[in-house]
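Pasting final_28.txt here (compact mmCIF, C-alpha atoms and all ligand atoms):
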# COMPACT_ATOMS: atom_id res chain seq x y z
CA MET A 1 3.95 49.23 18.07
CA THR A 2 6.57 46.65 17.30
CA ILE A 3 7.17 45.03 20.65
CA SER A 4 4.61 42.64 22.02
CA GLY A 5 4.40 40.86 25.34
CA ALA A 6 4.72 42.42 28.75
CA ALA A 7 8.17 43.52 29.80
CA SER A 8 8.51 42.26 33.35
CA PRO A 9 11.49 41.15 35.40
CA THR A 10 10.69 37.57 34.48
CA SER A 11 9.91 37.83 30.80
CA ALA A 12 11.38 39.97 28.05
CA ALA A 13 9.29 41.78 25.45
CA ILE A 14 9.34 39.83 22.20
CA ILE A 15 10.55 41.81 19.21
CA ASP A 16 8.23 40.79 16.39
CA GLY A 17 10.37 40.69 13.24
CA LYS A 18 7.47 39.47 11.13
CA ALA A 19 5.43 42.56 12.01
CA VAL A 20 8.32 44.97 11.38
CA ALA A 21 9.15 43.22 8.08
CA ALA A 22 5.50 43.42 6.99
CA ARG A 23 5.50 47.15 7.68
CA VAL A 24 8.72 47.73 5.71
CA THR A 25 7.33 45.69 2.80
CA GLU A 26 4.06 47.62 2.87
CA GLN A 27 5.93 50.94 2.73
CA THR A 28 8.19 49.63 -0.02
CA ARG A 29 5.17 48.60 -2.10
CA ALA A 30 3.58 52.04 -1.66
CA PHE A 31 6.81 53.87 -2.58
CA ALA A 32 7.31 51.56 -5.57
CA ALA A 33 3.90 52.60 -6.90
CA ARG A 34 4.92 56.26 -6.57
CA PHE A 35 8.26 55.48 -8.25
CA ARG A 36 6.42 53.93 -11.21
CA ASP A 37 4.41 57.14 -11.62
CA GLN A 38 7.51 59.32 -11.40
CA ALA A 39 10.01 57.25 -13.37
CA GLY A 40 7.67 55.57 -15.82
CA ARG A 41 8.95 52.11 -14.93
CA ALA A 42 8.98 49.73 -11.96
CA PRO A 43 12.07 49.18 -9.77
CA GLY A 44 13.85 46.07 -11.09
CA LEU A 45 15.58 43.31 -9.13
CA ALA A 46 17.68 40.60 -10.78
CA VAL A 47 18.67 37.51 -8.80
CA VAL A 48 21.31 35.16 -10.19
CA ILE A 49 21.58 31.57 -8.98
CA VAL A 50 24.29 29.15 -10.04
CA GLY A 51 23.71 25.43 -9.46
CA GLU A 52 21.13 23.38 -7.63
CA ASP A 53 21.67 24.04 -3.92
CA PRO A 54 18.19 23.34 -2.48
CA ALA A 55 18.37 26.00 0.27
CA SER A 56 19.55 28.62 -2.26
CA LYS A 57 16.68 27.73 -4.59
CA VAL A 58 14.17 28.29 -1.78
CA TYR A 59 15.75 31.65 -0.85
CA VAL A 60 15.86 32.82 -4.46
CA ALA A 61 12.23 31.84 -5.04
CA SER A 62 11.20 33.82 -1.93
CA LYS A 63 13.10 36.86 -3.18
CA GLY A 64 11.28 36.67 -6.53
CA VAL A 65 7.89 36.39 -4.83
CA ALA A 66 8.64 39.36 -2.56
CA ALA A 67 9.82 41.49 -5.50
CA THR A 68 6.63 40.77 -7.41
CA GLU A 69 4.54 41.52 -4.30
CA CYS A 70 6.27 44.89 -4.04
CA GLY A 71 5.36 45.66 -7.66
CA PHE A 72 8.95 45.32 -8.89
CA LEU A 73 10.18 43.90 -12.16
CA SER A 74 11.63 40.55 -11.04
CA ILE A 75 14.28 38.81 -13.14
CA GLN A 76 15.84 35.47 -12.28
CA GLU A 77 18.90 34.13 -14.09
CA THR A 78 19.35 30.42 -13.43
CA LEU A 79 22.74 29.06 -14.48
CA SER A 80 24.08 25.53 -14.36
CA ALA A 81 26.62 24.49 -11.72
CA ALA A 82 29.16 24.08 -14.54
CA THR A 83 28.98 27.79 -15.50
CA SER A 84 32.48 29.28 -15.77
CA GLU A 85 33.63 32.29 -13.78
CA ASP A 86 33.97 34.25 -17.04
CA ALA A 87 30.43 33.34 -18.12
CA LEU A 88 28.98 34.37 -14.74
CA GLU A 89 30.90 37.64 -14.85
CA ALA A 90 29.47 38.27 -18.32
CA VAL A 91 25.92 37.74 -16.99
CA VAL A 92 26.58 40.23 -14.18
CA LYS A 93 28.02 42.78 -16.60
CA ALA A 94 24.98 42.46 -18.87
CA LEU A 95 22.75 43.15 -15.85
CA ASN A 96 24.94 46.16 -14.99
CA GLU A 97 24.12 47.55 -18.45
CA ASN A 98 20.40 46.68 -18.31
CA GLN A 99 18.62 49.95 -17.51
CA ALA A 100 15.50 48.12 -16.27
CA VAL A 101 17.56 46.56 -13.46
CA ASP A 102 18.24 48.54 -10.26
CA GLY A 103 19.37 45.72 -8.00
CA ILE A 104 21.59 42.68 -8.68
CA LEU A 105 22.01 39.84 -6.22
CA VAL A 106 24.20 36.82 -6.91
CA GLN A 107 23.07 34.11 -4.51
CA LEU A 108 25.86 32.67 -2.35
CA PRO A 109 27.45 30.21 -1.93
CA LEU A 110 28.82 29.85 -5.46
CA PRO A 111 30.34 26.60 -6.76
CA ASP A 112 33.94 26.06 -5.64
CA HIS A 113 35.49 26.85 -9.02
CA ILE A 114 34.06 30.40 -8.95
CA ARG A 115 35.72 33.11 -6.85
CA ALA A 116 32.86 34.94 -5.13
CA ALA A 117 35.07 38.01 -4.55
CA ARG A 118 35.66 38.43 -8.28
CA ILE A 119 31.94 38.18 -9.06
CA ILE A 120 30.90 40.56 -6.28
CA ALA A 121 33.50 43.09 -7.48
CA ALA A 122 31.98 42.89 -10.98
CA ILE A 123 28.55 44.08 -9.77
CA ALA A 124 27.95 47.79 -10.37
CA PRO A 125 28.20 49.30 -6.84
CA ASP A 126 25.01 51.33 -7.32
CA LYS A 127 23.12 48.07 -8.06
CA ASP A 128 24.79 46.03 -5.29
CA VAL A 129 21.67 45.48 -3.15
CA ASP A 130 23.52 42.91 -1.01
CA GLY A 131 25.99 45.63 0.01
CA PHE A 132 28.91 43.23 -0.47
CA HIS A 133 30.92 45.20 -3.07
CA PRO A 134 34.17 46.62 -1.61
CA LEU A 135 33.00 50.17 -2.40
CA ASN A 136 29.83 49.70 -0.34
CA VAL A 137 31.82 48.02 2.45
CA GLY A 138 34.09 51.07 2.46
CA ARG A 139 31.21 53.54 2.43
CA LEU A 140 29.63 51.81 5.43
CA GLY A 141 32.99 51.79 7.21
CA ALA A 142 33.34 55.51 6.55
CA GLY A 143 29.82 56.12 7.93
CA ASP A 144 28.66 57.33 4.52
CA LEU A 145 25.20 55.82 4.74
CA SER A 146 23.66 58.25 2.27
CA ASP A 147 25.73 56.65 -0.54
CA ALA A 148 26.18 53.09 0.75
CA LEU A 149 23.98 50.09 0.12
CA VAL A 150 23.97 48.26 3.47
CA PRO A 151 23.83 44.44 3.77
CA CYS A 152 20.23 43.33 4.30
CA THR A 153 20.44 41.21 7.45
CA PRO A 154 22.42 43.78 9.47
CA ALA A 155 20.16 46.59 8.20
CA GLY A 156 17.12 44.57 9.31
CA ALA A 157 18.64 43.75 12.68
CA MET A 158 19.28 47.48 13.20
CA LEU A 159 15.61 48.27 12.60
CA LEU A 160 14.70 45.76 15.31
CA ILE A 161 17.23 47.34 17.67
CA GLU A 162 15.73 50.74 16.85
CA SER A 163 12.25 49.42 17.63
CA ALA A 164 13.44 48.51 21.13
CA ARG A 165 16.00 51.27 21.93
CA GLY A 166 15.36 54.12 19.50
CA ARG A 167 17.66 55.45 16.79
CA ASP A 168 20.29 57.04 19.02
CA LEU A 169 22.22 54.46 21.03
CA SER A 170 24.45 56.99 22.83
CA GLY A 171 25.74 55.65 26.12
CA LEU A 172 24.81 52.05 25.35
CA HIS A 173 27.34 49.22 25.09
CA ALA A 174 26.69 46.88 22.17
CA VAL A 175 28.44 43.52 21.94
CA VAL A 176 28.41 41.73 18.59
CA VAL A 177 29.34 38.06 18.81
CA GLY A 178 30.54 37.07 15.33
CA ARG A 179 32.86 38.71 12.83
CA SER A 180 31.54 37.65 9.43
CA ASN A 181 31.62 40.05 6.51
CA ILE A 182 27.89 39.48 5.95
CA VAL A 183 26.61 40.14 9.48
CA GLY A 184 29.11 40.72 12.31
CA LYS A 185 31.32 43.41 10.79
CA PRO A 186 28.56 45.45 9.09
CA ILE A 187 26.27 45.43 12.12
CA ALA A 188 29.16 46.61 14.28
CA GLN A 189 29.61 49.54 11.87
CA LEU A 190 25.88 50.36 11.99
CA LEU A 191 25.85 50.27 15.80
CA LEU A 192 28.89 52.56 15.91
CA ASN A 193 27.18 54.89 13.48
CA ALA A 194 24.19 55.01 15.87
CA ASN A 195 26.60 56.14 18.64
CA ALA A 196 26.79 52.84 20.55
CA THR A 197 30.05 51.78 22.15
CA VAL A 198 30.83 48.60 20.25
CA THR A 199 32.74 45.44 21.11
CA ILE A 200 33.19 42.78 18.43
CA ALA A 201 33.64 39.40 20.08
CA HIS A 202 33.87 35.95 18.52
CA SER A 203 34.46 32.29 19.20
CA ARG A 204 38.07 32.94 20.22
CA THR A 205 37.36 35.83 22.60
CA ALA A 206 38.62 35.15 26.13
CA ASP A 207 35.84 34.95 28.72
CA LEU A 208 33.09 35.49 26.18
CA ALA A 209 30.39 35.11 28.85
CA GLU A 210 31.81 38.02 30.83
CA VAL A 211 32.05 40.20 27.70
CA CYS A 212 28.41 39.43 26.85
CA ARG A 213 27.29 40.27 30.40
CA ARG A 214 28.43 43.86 29.81
CA ALA A 215 26.13 44.29 26.79
CA ASP A 216 23.10 46.58 26.85
CA ILE A 217 22.57 45.35 23.28
CA LEU A 218 23.75 41.83 22.48
CA VAL A 219 23.84 40.72 18.85
CA ALA A 220 24.48 37.00 18.37
CA ALA A 221 25.75 36.05 14.91
CA VAL A 222 28.07 33.09 15.38
CA GLY A 223 26.05 30.26 13.85
CA ARG A 224 26.36 27.98 16.88
CA PRO A 225 23.04 26.68 18.21
CA LEU A 226 22.13 27.88 21.72
CA MET A 227 25.71 28.96 22.46
CA ILE A 228 24.74 32.08 24.41
CA LYS A 229 23.33 31.12 27.79
CA GLY A 230 20.81 32.89 29.99
CA ASP A 231 23.41 33.86 32.58
CA TRP A 232 25.47 35.61 29.85
CA ILE A 233 22.72 38.22 29.51
CA LYS A 234 22.71 41.51 31.41
CA PRO A 235 19.29 42.02 33.05
CA GLY A 236 17.17 44.25 30.81
CA ALA A 237 19.44 43.88 27.76
CA THR A 238 18.14 43.90 24.18
CA VAL A 239 19.07 40.56 22.60
CA ILE A 240 19.14 40.22 18.81
CA ASP A 241 19.62 36.64 17.65
CA VAL A 242 20.78 36.45 14.03
CA GLY A 243 21.51 32.71 14.18
CA ILE A 244 19.30 30.29 12.28
CA ASN A 245 20.42 26.74 13.07
CA ARG A 246 18.59 23.55 12.20
CA VAL A 247 18.92 20.97 15.00
CA PRO A 248 17.48 17.48 15.55
CA ALA A 249 14.11 17.49 17.36
CA PRO A 250 13.44 13.86 18.30
CA GLU A 251 10.59 15.07 20.56
CA ARG A 252 8.72 15.94 17.34
CA GLY A 253 9.21 12.47 15.91
CA GLU A 254 11.99 10.48 14.33
CA GLY A 255 14.14 12.46 11.90
CA LYS A 256 12.36 15.76 12.69
CA THR A 257 14.25 19.01 13.09
CA ARG A 258 13.57 22.51 14.37
CA LEU A 259 15.16 25.94 14.02
CA VAL A 260 16.99 27.51 16.93
CA GLY A 261 19.09 30.63 17.27
CA ASP A 262 22.54 31.20 18.73
CA VAL A 263 20.91 32.21 22.02
CA ASP A 264 19.28 29.90 24.56
CA TYR A 265 15.98 31.69 24.07
CA ALA A 266 13.97 30.30 26.98
CA ALA A 267 16.70 31.14 29.50
CA ALA A 268 17.58 34.51 27.94
CA ARG A 269 13.94 35.58 27.85
CA ALA A 270 13.80 35.41 31.63
CA VAL A 271 16.64 37.96 31.92
CA ALA A 272 16.55 40.21 28.83
CA GLY A 273 14.43 43.34 28.44
CA ALA A 274 13.58 42.55 24.81
CA ILE A 275 14.54 39.64 22.59
CA THR A 276 14.05 38.40 19.03
CA PRO A 277 12.62 34.89 18.61
CA VAL A 278 13.93 32.31 16.12
CA PRO A 279 12.15 31.92 13.80
CA GLY A 280 10.20 35.18 13.46
CA GLY A 281 12.86 37.68 14.54
CA VAL A 282 15.72 38.80 12.29
CA GLY A 283 14.95 36.19 9.60
CA PRO A 284 11.91 37.90 8.04
CA MET A 285 13.78 41.22 7.95
CA THR A 286 16.37 40.10 5.37
CA ILE A 287 14.08 39.89 2.36
CA ALA A 288 12.16 43.02 3.45
CA MET A 289 15.44 44.96 3.52
CA LEU A 290 16.45 43.55 0.13
CA MET A 291 13.30 45.08 -1.29
CA ALA A 292 13.98 48.36 0.57
CA ASN A 293 17.56 48.38 -0.82
CA THR A 294 16.24 47.82 -4.35
CA LEU A 295 13.83 50.73 -3.89
CA THR A 296 16.71 52.91 -2.64
CA ALA A 297 18.91 51.91 -5.58
CA ALA A 298 16.09 52.65 -8.04
CA HIS A 299 15.56 56.15 -6.64
CA ARG A 300 19.28 56.97 -6.63
CA ARG A 301 19.68 55.73 -10.20
CA ALA A 302 16.66 57.78 -11.34
CA HIS A 303 17.97 60.86 -9.45
CA LEU A 304 14.83 60.94 -7.29
CA PRO A 305 14.90 61.65 -3.53
CA VAL A 306 15.34 58.38 -1.65
CA PRO A 307 12.20 57.68 0.41
CA ASP A 308 12.38 57.01 4.11
CA TRP A 309 10.32 53.83 4.36
CA ARG A 310 9.85 54.45 8.07
CA VAL A 311 7.21 57.01 7.11
CA ALA A 312 4.24 56.65 4.79
CA PRO A 313 4.56 58.08 1.25
N1 LIG B 401 23.13 33.37 0.78
C1 LIG B 401 22.67 33.39 2.06
N2 LIG B 401 22.39 34.66 2.44
C2 LIG B 401 22.68 35.46 1.39
C3 LIG B 401 22.59 36.86 1.19
O1 LIG B 401 22.20 37.65 2.05
N3 LIG B 401 22.97 37.29 -0.05
C4 LIG B 401 23.42 36.46 -1.01
N4 LIG B 401 23.77 36.98 -2.17
N5 LIG B 401 23.52 35.14 -0.83
C5 LIG B 401 23.15 34.65 0.36
Could you render the structure as structure tokens?
Amino acid sequence: MTISGAASPTSAAIIDGKAVAARVTEQTRAFAARFRDQAGRAPGLAVVIVGEDPASKVYVASKGVAATECGFLSIQETLSAATSEDALEAVVKALNENQAVDGILVQLPLPDHIRAARIIAAIAPDKDVDGFHPLNVGRLGAGDLSDALVPCTPAGAMLLIESARGRDLSGLHAVVVGRSNIVGKPIAQLLLNANATVTIAHSRTADLAEVCRRADILVAAVGRPLMIKGDWIKPGATVIDVGINRVPAPERGEGKTRLVGDVDYAAARAVAGAITPVPGGVGPMTIAMLMANTLTAAHRRAHLPVPDWRVAP
């Protein structure tokens, strides 16, 4: 059971991303143990970080911890902010050739003098566990999910949608607010692939509130704190809040902050059928799906059947 809290006309069920992420990680760990027996090696994940961005360092450390917890080989390449584009590309190419490595992630953002598009294009598509390489973008666009690696946050958000609405979204109208390459566009493709009728809206959409009110599934991925109001929500809708925004919280003391989503959670909860909290909703899914993608990449590269981590090994 992934939804907790009573669904009543006055309070949505809360979609517990931490619980779903823990289950995916548990399955990934079990399948990784089986992979080690079959392939004679652990799945390997390499994370590359360039520079000293504090948030990136925290994310990269969490990815390393999760990989180790899953029983993966975990490699971290830490490069100085002055690293040239050519030198970074050479690091990526060496990881492409390293047979112990199944997944490569180059942490973004990169320093201004490095073109992220060039670096992403240098990653071997079958090791692109971020799903950002143009070949994987194209595969997702073509609905070829058996060959694609799908970006982690959208893949995680889809699992949460599945937990609330099932895997077939036929007849349902999904509205995605946000058109980023990392979240908005890929989640729209995944929703379409699950047979939803999909609208992609964004900050320049006319009468955004009215568009949102037509959504059976509303995915908020704009990065604007509390932008989506309670009266933008269709009664009973599933609301997936991908936003993670740090805002001042003077009520907690001087200089304190707190995390909020793109949705006015308290107001939306009174109207929605099910809703993800921030934090504890989509956030925990991203790293879990990175591990699942690495497991998938390892099996494909070893010519083993890719496990369905929805079911126990
Ligand atoms: N920086 C913030 N989120 C991400 C992500 O999902 N992948 C990479 N590579 N960098 C990020």
Q. Residues within 8 Å of ligand LIG 401 (chain B) (all atoms listed in the file), as number ranges by chain?
A. A: 56, 59, 105-109, 130, 151-153, 182, 286
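Considering the residues A:Glu210, A:Asp86, A:Glu251, A:Asp102 and counting all atoms listed in the file, Ala67 in chain A has its shortest atom-to-atom contact with A:Asp102.
Residue nearest Ala33 in chain A, chosen from A:Cys70, A:Leu290, A:Val247, A:Val198 and counting only C-alpha atoms: A:Cys70.
Minimum atom-to-atom distance to Val242 in chain A, evaluated using only C-alpha atoms, belongs to A:Gly156 out of A:Ala270, A:Pro307, A:Gly156, A:Ala116.
Distances to Ala121 in chain A were evaluated for A:Leu295, A:Leu135, A:Ala90, A:Ala288 using all atoms listed in the file, and the minimum falls at A:Leu135.
Across A:Pro111, A:Gly280, A:Gly138, A:Pro154, the tightest approach to Gly51 in chain A is made by A:Pro111 when counting all atoms listed in the file.
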Q. What does the distance from CA of Asp16 in chain A to CA of Pro277 in chain A come to in Å, to one decimal?
A. 7.7 Å
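As for CA of Gly64 in chain A and CA of Ala46 in chain A, they are spaced 8.6 Å apart.
When the distance limit is 9 Å and only C-alpha atoms are what count, the residues near Ile200 in chain A, minus those fewer than 4 positions from it on the same chain, are Ala174, Val175, Val176, Val177, Gly178, Arg179, Gly184, Lys185 and Ala188 of chain A.
Taking CA of Asp231 in chain A as the reference point, CA of Ala209 in chain A is found at 8.0 Å.
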Supply range 193-213 of chain A as a CSV table (one decimal), in the coordinates of the input, with N, CA, C and O atoms built in where the input has gaps.
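The resulting rebuild-v1.csv:
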chain,number,residue,atom,x,y,z
A,193,ASN,N,27.8,53.7,14.1
A,193,ASN,CA,27.2,54.9,13.5
A,193,ASN,C,26.0,55.5,14.3
A,193,ASN,O,25.7,56.6,14.2
A,194,ALA,N,25.3,54.6,15.0
A,194,ALA,CA,24.2,55.0,15.9
A,194,ALA,C,24.7,55.4,17.3
A,194,ALA,O,23.9,55.5,18.2
A,195,ASN,N,26.0,55.6,17.4
A,195,ASN,CA,26.6,56.1,18.6
A,195,ASN,C,26.7,55.1,19.8
A,195,ASN,O,27.0,55.5,20.9
A,196,ALA,N,26.5,53.8,19.5
A,196,ALA,CA,26.8,52.8,20.6
A,196,ALA,C,28.3,52.7,20.7
A,196,ALA,O,29.1,53.0,19.8
A,197,THR,N,28.7,52.2,21.9
A,197,THR,CA,30.0,51.8,22.2
A,197,THR,C,30.1,50.3,21.8
A,197,THR,O,29.3,49.5,22.4
A,198,VAL,N,31.0,49.9,20.9
A,198,VAL,CA,30.8,48.6,20.2
A,198,VAL,C,32.0,47.7,20.6
A,198,VAL,O,33.2,48.1,20.4
A,199,THR,N,31.7,46.5,21.0
A,199,THR,CA,32.7,45.4,21.1
A,199,THR,C,32.4,44.3,20.1
A,199,THR,O,31.2,43.9,20.0
A,200,ILE,N,33.4,43.9,19.3
A,200,ILE,CA,33.2,42.8,18.4
A,200,ILE,C,33.9,41.6,19.1
A,200,ILE,O,35.1,41.6,19.3
A,201,ALA,N,33.1,40.6,19.5
A,201,ALA,CA,33.6,39.4,20.1
A,201,ALA,C,33.4,38.2,19.1
A,201,ALA,O,32.7,38.4,18.1
A,202,HIS,N,34.0,37.1,19.4
A,202,HIS,CA,33.9,36.0,18.5
A,202,HIS,C,34.3,34.7,19.3
A,202,HIS,O,34.5,34.7,20.5
A,203,SER,N,34.3,33.6,18.5
A,203,SER,CA,34.5,32.3,19.2
A,203,SER,C,35.8,32.2,19.9
A,203,SER,O,36.0,31.3,20.8
A,204,ARG,N,36.8,33.0,19.6
A,204,ARG,CA,38.1,32.9,20.2
A,204,ARG,C,38.3,34.0,21.3
A,204,ARG,O,39.4,34.3,21.7
A,205,THR,N,37.3,34.8,21.6
A,205,THR,CA,37.4,35.8,22.6
A,205,THR,C,37.5,35.2,24.0
A,205,THR,O,36.8,34.2,24.3
A,206,ALA,N,38.4,35.7,24.8
A,206,ALA,CA,38.6,35.2,26.1
A,206,ALA,C,37.4,35.6,27.0
A,206,ALA,O,37.0,36.7,26.9
A,207,ASP,N,37.0,34.7,27.8
A,207,ASP,CA,35.8,35.0,28.7
A,207,ASP,C,34.7,35.6,28.0
A,207,ASP,O,34.2,36.7,28.4
A,208,LEU,N,34.2,35.0,27.0
A,208,LEU,CA,33.1,35.5,26.2
A,208,LEU,C,31.8,35.8,27.0
A,208,LEU,O,31.2,36.8,26.8
A,209,ALA,N,31.6,34.9,28.0
A,209,ALA,CA,30.4,35.1,28.8
A,209,ALA,C,30.5,36.5,29.6
A,209,ALA,O,29.5,37.2,29.6
A,210,GLU,N,31.6,36.8,30.1
A,210,GLU,CA,31.8,38.0,30.8
A,210,GLU,C,31.7,39.2,29.9
A,210,GLU,O,31.1,40.2,30.3
A,211,VAL,N,32.2,39.1,28.7
A,211,VAL,CA,32.0,40.2,27.7
A,211,VAL,C,30.6,40.4,27.4
A,211,VAL,O,30.1,41.5,27.4
A,212,CYS,N,29.8,39.3,27.2
A,212,CYS,CA,28.4,39.4,26.8
A,212,CYS,C,27.6,40.1,28.0
A,212,CYS,O,26.7,40.8,27.8
A,213,ARG,N,28.0,39.7,29.2
A,213,ARG,CA,27.3,40.3,30.4
A,213,ARG,C,27.4,41.8,30.5
A,213,ARG,O,26.6,42.4,31.2
